[in-house]
$ cat query_34.txt   # compact mmCIF, C-alpha atoms
# COMPACT_ATOMS: atom_id res chain seq x y z
CA LEU Q 420 -72.88 -84.78 146.17
CA GLY Q 421 -71.06 -81.54 145.50
CA GLY Q 422 -72.29 -80.03 148.75
CA GLY Q 423 -69.96 -82.09 150.91
CA ILE Q 424 -70.95 -82.36 154.55
CA ASN Q 425 -73.40 -79.48 154.16
CA SER Q 426 -75.56 -81.64 151.88
CA ILE Q 427 -76.79 -83.48 154.93
CA LYS Q 428 -76.33 -81.13 157.90
CA ARG Q 429 -79.37 -78.90 157.37
CA ASN Q 430 -82.22 -79.09 159.88
CA SER Q 431 -80.20 -81.02 162.47
CA TRP Q 432 -79.04 -83.64 159.92
CA TYR Q 433 -82.60 -84.43 158.86
CA PRO Q 434 -81.58 -85.57 155.30
CA THR Q 435 -79.84 -88.73 156.55
CA ARG Q 436 -83.20 -90.50 156.11
CA SER Q 437 -83.53 -89.40 152.50
CA VAL Q 438 -80.33 -88.20 150.81
CA GLY Q 439 -78.18 -90.55 152.88
CA VAL Q 440 -80.38 -93.61 152.46
CA TYR Q 441 -80.99 -93.06 148.73
CA THR Q 442 -77.30 -92.52 148.01
CA ALA Q 443 -76.37 -95.76 149.76
CA VAL Q 444 -79.11 -97.69 147.95
CA GLY Q 445 -78.11 -96.15 144.61
CA TYR Q 446 -74.46 -97.10 145.13
CA ASP Q 447 -75.48 -100.72 145.63
CA TRP Q 448 -78.10 -100.96 142.89
CA LEU Q 449 -75.99 -99.22 140.23
CA TYR Q 450 -72.73 -100.91 141.14
CA ASP Q 451 -72.45 -103.00 137.95
CA TYR Q 452 -74.08 -100.45 135.66
CA PRO Q 453 -71.63 -99.57 132.86
CA GLY Q 454 -72.13 -95.84 133.33
CA PHE Q 455 -71.21 -96.02 137.02
CA ALA Q 456 -67.51 -95.49 136.38
CA GLN Q 457 -64.88 -96.06 139.04
CA ALA Q 458 -64.23 -92.34 139.46
CA LEU Q 459 -67.91 -91.76 140.23
CA LYS Q 460 -67.98 -94.74 142.59
CA ASP Q 461 -65.04 -93.28 144.47
CA GLU Q 462 -66.81 -89.94 144.72
CA VAL Q 463 -70.03 -91.48 146.04
CA LYS Q 464 -68.12 -93.71 148.45
CA GLY Q 465 -66.20 -90.75 149.80
CA GLN Q 466 -69.39 -88.76 150.27
CA LEU Q 467 -71.13 -91.60 152.10
CA GLU Q 468 -68.15 -92.02 154.39
CA LEU Q 469 -68.06 -88.28 155.05
CA TRP Q 470 -71.74 -88.18 155.96
CA THR Q 471 -71.73 -91.37 158.04
CA ASP Q 472 -68.59 -90.47 159.94
CA GLY Q 473 -69.91 -86.97 160.55
CA VAL Q 474 -73.34 -87.82 161.88
CA TRP Q 475 -71.91 -89.87 164.75
CA ASP Q 476 -68.95 -87.60 165.51
CA PRO Q 477 -69.86 -85.15 168.33
CA THR Q 478 -67.20 -82.71 167.14
CA ILE Q 479 -69.01 -82.45 163.79
CA ASN Q 480 -72.63 -83.19 164.69
CA THR Q 481 -73.44 -81.17 167.79
CA VAL Q 482 -77.10 -82.27 167.76
CA GLN Q 483 -76.45 -85.14 170.15
CA TRP Q 484 -80.07 -85.73 171.16
CA ALA Q 485 -80.59 -87.02 167.64
CA VAL Q 486 -77.97 -89.73 167.97
CA ASN Q 487 -78.98 -91.01 171.41
CA ASP Q 488 -82.77 -90.61 171.70
CA VAL Q 489 -84.33 -93.82 170.40
CA SER Q 490 -87.81 -92.31 170.60
CA ASN Q 491 -86.89 -89.57 168.11
CA ASN Q 492 -87.43 -89.86 164.36
CA TYR Q 493 -84.01 -88.27 163.67
CA PHE Q 494 -82.30 -91.16 165.46
CA TRP Q 495 -83.85 -93.65 163.06
CA GLY Q 496 -82.90 -91.56 160.04
CA HIS Q 497 -79.27 -91.78 161.15
CA MET Q 498 -79.56 -95.51 161.86
CA ASN Q 499 -81.07 -96.24 158.44
CA MET Q 500 -78.43 -94.31 156.52
CA THR Q 501 -75.62 -95.96 158.47
CA ILE Q 502 -76.79 -99.57 158.11
CA ARG Q 503 -77.18 -99.06 154.35
CA ALA Q 504 -73.84 -97.32 154.05
CA GLY Q 505 -72.24 -100.27 155.80
CA TYR Q 506 -73.74 -102.93 153.57
CA SER Q 507 -73.49 -100.98 150.31
CA LEU Q 508 -69.82 -100.10 150.88
CA TYR Q 509 -68.89 -103.53 152.20
CA GLY Q 510 -65.83 -104.78 150.32
CA ASP Q 511 -65.02 -101.27 149.05
CA SER Q 512 -64.49 -99.38 152.29
CA SER Q 513 -62.47 -100.27 155.35
CA LYS Q 514 -65.09 -98.37 157.36
CA ALA Q 515 -68.07 -100.46 156.30
CA GLN Q 516 -67.93 -103.10 159.04
CA GLY Q 517 -67.53 -100.39 161.64
CA TYR Q 518 -70.72 -98.72 160.45
CA ILE Q 519 -72.62 -102.00 160.68
CA ASP Q 520 -71.23 -102.78 164.14
CA LEU Q 521 -72.03 -99.28 165.41
CA VAL Q 522 -75.73 -99.33 164.61
CA ARG Q 523 -76.22 -103.01 165.38
CA ASN Q 524 -74.82 -102.31 168.83
CA LYS Q 525 -77.12 -99.29 169.22
CA PHE Q 526 -80.08 -101.42 168.21
CA GLU Q 527 -79.22 -104.18 170.70
CA THR Q 528 -78.23 -101.98 173.65
CA GLN Q 529 -80.47 -98.93 173.22
CA ALA Q 530 -83.34 -99.55 170.83
CA ARG Q 531 -84.51 -102.94 172.03
CA SER Q 532 -84.58 -101.74 175.61
CA PHE Q 533 -86.73 -98.73 174.69
CA LEU Q 534 -89.07 -100.75 172.48
CA SER Q 535 -89.74 -103.27 175.25
CA THR Q 536 -90.38 -100.64 177.95
CA GLN Q 537 -91.44 -97.08 177.02
CA GLY Q 538 -92.37 -98.16 173.50
CA ALA Q 539 -94.06 -101.39 174.49
CA GLY Q 540 -97.45 -101.85 172.88
CA GLY Q 541 -96.53 -99.91 169.75
CA ASP Q 542 -97.26 -96.39 170.95
CA TRP Q 543 -94.64 -93.73 170.26
CA LEU Q 544 -93.68 -90.72 172.37
CA GLU Q 545 -93.77 -88.42 169.33
CA GLY Q 546 -97.39 -89.25 168.50
CA THR Q 547 -99.03 -90.56 165.36
CA ASN Q 548 -97.47 -88.06 162.97
CA TYR Q 549 -93.79 -88.53 163.88
CA ASN Q 550 -94.16 -92.15 164.94
CA SER Q 551 -90.99 -93.93 163.85
CA SER Q 552 -92.18 -97.53 164.04
CA HIS Q 553 -92.09 -97.88 160.23
CA TYR Q 554 -88.39 -96.91 160.24
CA ILE Q 555 -87.64 -100.06 162.23
CA PHE Q 556 -88.69 -102.12 159.22
CA ASP Q 557 -86.35 -99.95 157.12
CA PHE Q 558 -83.53 -100.77 159.53
CA LEU Q 559 -84.09 -104.53 159.84
CA ALA Q 560 -84.85 -105.25 156.16
CA PRO Q 561 -81.29 -104.74 154.82
CA ILE Q 562 -79.93 -106.91 157.63
CA LYS Q 563 -82.16 -109.76 156.47
CA THR Q 564 -81.36 -109.15 152.80
CA ALA Q 565 -77.61 -108.94 153.33
CA THR Q 566 -77.09 -111.64 155.96
CA GLY Q 567 -80.23 -113.78 156.14
CA GLU Q 568 -80.67 -112.89 159.82
CA ASP Q 569 -84.41 -112.55 160.38
CA LEU Q 570 -84.99 -110.29 163.36
CA PHE Q 571 -88.64 -109.98 162.32
CA SER Q 572 -89.14 -113.54 163.56
CA ASP Q 573 -87.18 -113.16 166.79
CA PRO Q 574 -89.59 -114.39 169.52
CA ASN Q 575 -87.97 -111.99 171.99
CA PHE Q 576 -88.66 -108.97 169.79
CA THR Q 577 -92.40 -108.38 169.87
CA PHE Q 578 -92.62 -104.63 169.27
CA LEU Q 579 -93.50 -104.79 165.57
CA ARG Q 580 -96.36 -107.22 166.17
CA GLU Q 581 -97.65 -105.05 169.01
CA ALA Q 582 -97.42 -101.99 166.76
CA VAL Q 583 -99.65 -103.60 164.12
CA LEU Q 584 -102.45 -103.68 166.68
CA TYR Q 585 -101.64 -100.15 167.82
CA TRP Q 586 -102.02 -98.74 164.31
CA LEU Q 587 -105.29 -100.59 163.82
CA TYR Q 588 -106.65 -99.34 167.16
CA VAL Q 589 -105.81 -95.68 166.49
CA ASN Q 590 -107.48 -95.86 163.10
CA VAL Q 591 -110.76 -93.96 163.20
CA PRO Q 592 -113.69 -95.75 161.47
CA PRO Q 593 -114.56 -96.16 158.71
CA LEU Q 594 -111.44 -98.10 157.89
CA GLY Q 595 -108.67 -95.95 156.49
CA GLN Q 596 -110.45 -92.60 156.88
CA ASP Q 597 -108.35 -91.09 159.65
CA VAL Q 598 -106.07 -91.82 162.60
CA PHE Q 599 -106.53 -90.50 166.12
CA PRO Q 600 -104.37 -87.34 166.26
CA ILE Q 601 -102.01 -88.16 169.10
CA GLY Q 602 -99.18 -85.68 169.68
CA ASP Q 603 -97.89 -83.20 167.11
CA GLN Q 604 -100.32 -84.09 164.34
CA SER Q 605 -100.65 -81.88 161.29
CA GLN Q 606 -104.05 -80.68 160.08
CA GLY Q 607 -105.89 -83.14 157.91
CA VAL Q 608 -105.62 -86.90 157.93
CA TYR Q 609 -103.02 -87.71 155.36
CA GLN Q 610 -99.74 -87.55 157.28
CA GLY Q 611 -101.07 -89.86 159.97
CA LEU Q 612 -102.50 -92.17 157.33
CA PHE Q 613 -99.20 -92.18 155.48
CA THR Q 614 -97.35 -93.20 158.64
CA ALA Q 615 -99.91 -95.86 159.50
CA GLY Q 616 -100.08 -97.14 155.94
CA SER Q 617 -96.30 -97.28 155.54
CA PHE Q 618 -95.98 -99.34 158.69
CA LEU Q 619 -98.83 -101.72 157.90
CA LYS Q 620 -97.71 -102.22 154.30
CA MET Q 621 -94.27 -103.31 155.51
CA ALA Q 622 -95.80 -105.41 158.27
CA SER Q 623 -97.82 -107.34 155.68
CA ALA Q 624 -94.61 -108.00 153.73
CA TYR Q 625 -92.14 -108.86 156.51
CA LEU Q 626 -94.17 -110.32 159.37
CA THR Q 627 -95.98 -113.65 159.45
CA GLY Q 628 -99.05 -114.90 161.22
CA SER Q 629 -102.20 -113.10 162.28
CA GLU Q 630 -100.58 -109.65 162.56
CA ALA Q 631 -99.42 -109.83 158.96
CA SER Q 632 -102.95 -110.81 157.90
CA TYR Q 633 -104.46 -107.88 159.80
CA ALA Q 634 -101.99 -105.48 158.21
CA LYS Q 635 -102.69 -106.81 154.72
CA TYR Q 636 -106.43 -106.50 155.25
CA PHE Q 637 -105.99 -102.83 156.14
CA THR Q 638 -103.82 -101.97 153.15
CA ASP Q 639 -106.11 -103.88 150.79
CA ASN Q 640 -109.39 -102.46 152.10
CA ALA Q 641 -108.86 -99.05 153.70
CA THR Q 642 -110.66 -96.79 151.23
CA VAL Q 643 -109.04 -93.39 151.69
CA TYR Q 644 -105.61 -94.89 152.33
CA SER Q 645 -105.95 -97.10 149.25
CA ALA Q 646 -106.66 -94.06 147.09
CA TYR Q 647 -103.97 -92.04 148.83
CA ARG Q 648 -101.21 -94.55 148.27
CA VAL Q 649 -101.80 -94.50 144.51
CA SER Q 650 -100.96 -90.81 144.23
CA ASN Q 651 -99.11 -90.16 147.47
CA PHE Q 652 -98.69 -86.41 147.33
CA SER Q 653 -101.70 -85.30 145.29
CA LYS Q 654 -103.78 -84.60 148.39
CA PHE Q 655 -101.29 -82.47 150.35
$ encode --input "query_34.txt" --output "structure tokens"
Amino acid sequence: LGGGINSIKRNSWYPTRSVGVYTAVGYDWLYDYPGFAQALKDEVKGQLELWTDGVWDPTINTVQWAVNDVSNNYFWGHMNMTIRAGYSLYGDSSKAQGYIDLVRNKFETQARSFLSTQGAGGDWLEGTNYNSSHYIFDFLAPIKTATGEDLFSDPNFTFLREAVLYWLYVNVPPLGQDVFPIGDQSQGVYQGLFTAGSFLKMASAYLTGSEASYAKYFTDNATVYSAYRVSNFSKF
């Protein structure tokens, strides 16, 4: 937290998806913990506000492709930090509702349009490595938890169900051994498998119906992925 705005600006604001998200989640989870004193809460709140204000302010964040390109993984990192900052700071910050409204509006006016046209079918312009479909679960889950609104079940939002089939189709037999290396794919299988596995694991938890069953079958039976998920980074 001591790094101020620089804590999150490196690499075109890449850490919003990690440092930003984890800080917002920690603020919420630790809120009633005795050791989370008011002075520390104020410090964390101020840092979250600084980061969230900054990432959307073009005078501070000059990397504007990352705040407007729905097909880019950076966009979803910013969206996921902001939605969590909004809900975690709700009641403590006058800015919280604005954060929620900002990214909900971006989802409705920008993301849904992309996901039903260029992203239709579950494919992603950045390929299998940088595919951001799993980040959409990360974005919608806190909305459901905080408000009860279940966008996963919206009959007009079919992208996530389509993407389940996409990830199964690009899987190279035998099940869970590899994914077809579309786009900027790193050497070896594990980054693609991690992206596929992350998406399908969340699909099995949040979706219903046949697509959820397909996703659960993959995560329960894909041999290499099953071993990989136990010790995520041991094979890198």
$ atom_distance --input "query_34.txt" --atom1 "atom CA of Val440 of chain Q" --atom2 "atom CA of Val474 of chain Q"
13.1 Å
$ residues_around --input "query_34.txt" --residues "Thr577 of chain Q" --least-positions-apart "6" --cutoff "9 Å" --atoms "all atoms listed in the file" --output "ChimeraX atom specification"
/Q:534-535,539-540,571
$ write_last_selection --input "query_34.txt" --atoms "C-alpha atoms" --output "JSON list (two decimals), keeping the file's coordinate frame"
[["chain", "number", "residue", "atom", "x", "y", "z"],
["Q", 534, "LEU", "CA", -89.07, -100.75, 172.48],
["Q", 535, "SER", "CA", -89.74, -103.27, 175.25],
["Q", 539, "ALA", "CA", -94.06, -101.39, 174.49],
["Q", 540, "GLY", "CA", -97.45, -101.85, 172.88],
["Q", 571, "PHE", "CA", -88.64, -109.98, 162.32]]
$ closest_atom_pairs --input "query_34.txt" --of "segment 468-512 of chain Q" --to "segment 521-527 of chain Q" --cutoff "10 Å" --atoms "only C-alpha atoms" --output "Markdown table"
| residue | atom | partner | partner_atom | distance |
| --- | --- | --- | --- | --- |
| Q:Trp475 | CA | Q:Leu521 | CA | 9.4 |
| Q:Val486 | CA | Q:Lys525 | CA | 9.7 |
| Q:Asn487 | CA | Q:Lys525 | CA | 8.8 |
| Q:Val489 | CA | Q:Phe526 | CA | 9.0 |
| Q:His497 | CA | Q:Val522 | CA | 9.0 |
| Q:Met498 | CA | Q:Val522 | CA | 6.1 |
| Q:Asn499 | CA | Q:Val522 | CA | 8.7 |
| Q:Met500 | CA | Q:Val522 | CA | 9.9 |
| Q:Thr501 | CA | Q:Val522 | CA | 7.0 |
| Q:Ile502 | CA | Q:Val522 | CA | 6.6 |
| Q:Gly505 | CA | Q:Val522 | CA | 9.5 |
$ closest_residue --input "query_34.txt" --among "Q:Tyr433, Q:Trp586, Q:Tyr636, Q:Trp495" --to "Asn548 of chain Q" --atoms "all atoms listed in the file"
Q:Trp586
$ closest_residue --input "query_34.txt" --among "Q:Gly616, Q:Gly510, Q:Pro477, Q:Pro600" --to "Thr638 of chain Q" --atoms "all atoms listed in the file"
Q:Gly616
$ residues_around --input "query_34.txt" --residues "Glu468 of chain Q" --least-positions-apart "2" --cutoff "9 Å" --atoms "all atoms listed in the file" --output "ChimeraX atom specification"
/Q:463-466,470-473,504,508,512,514-515
$ atom_distance --input "query_34.txt" --atom1 "atom CA of Phe618 of chain Q" --atom2 "atom CA of Gln516 of chain Q"
28.3 Å
$ atom_distance --input "query_34.txt" --atom1 "atom CA of Tyr452 of chain Q" --atom2 "atom CA of Pro561 of chain Q"
20.9 Å
$ closest_residue --input "query_34.txt" --among "Q:Leu584, Q:Leu594, Q:Ala622, Q:Leu459" --to "Asp557 of chain Q" --atoms "only C-alpha atoms"
Q:Ala622
$ closest_residue --input "query_34.txt" --among "Q:Ala458, Q:Val482, Q:Leu579, Q:Leu469" --to "His553 of chain Q" --atoms "only C-alpha atoms"
Q:Leu579
$ residues_around --input "query_34.txt" --residues "Asp569 of chain Q" --least-positions-apart "2" --cutoff "12 Å" --atoms "only C-alpha atoms" --output "MDAnalysis selection string"
chainID Q and resid 556 558:567 571:574 576 625:627
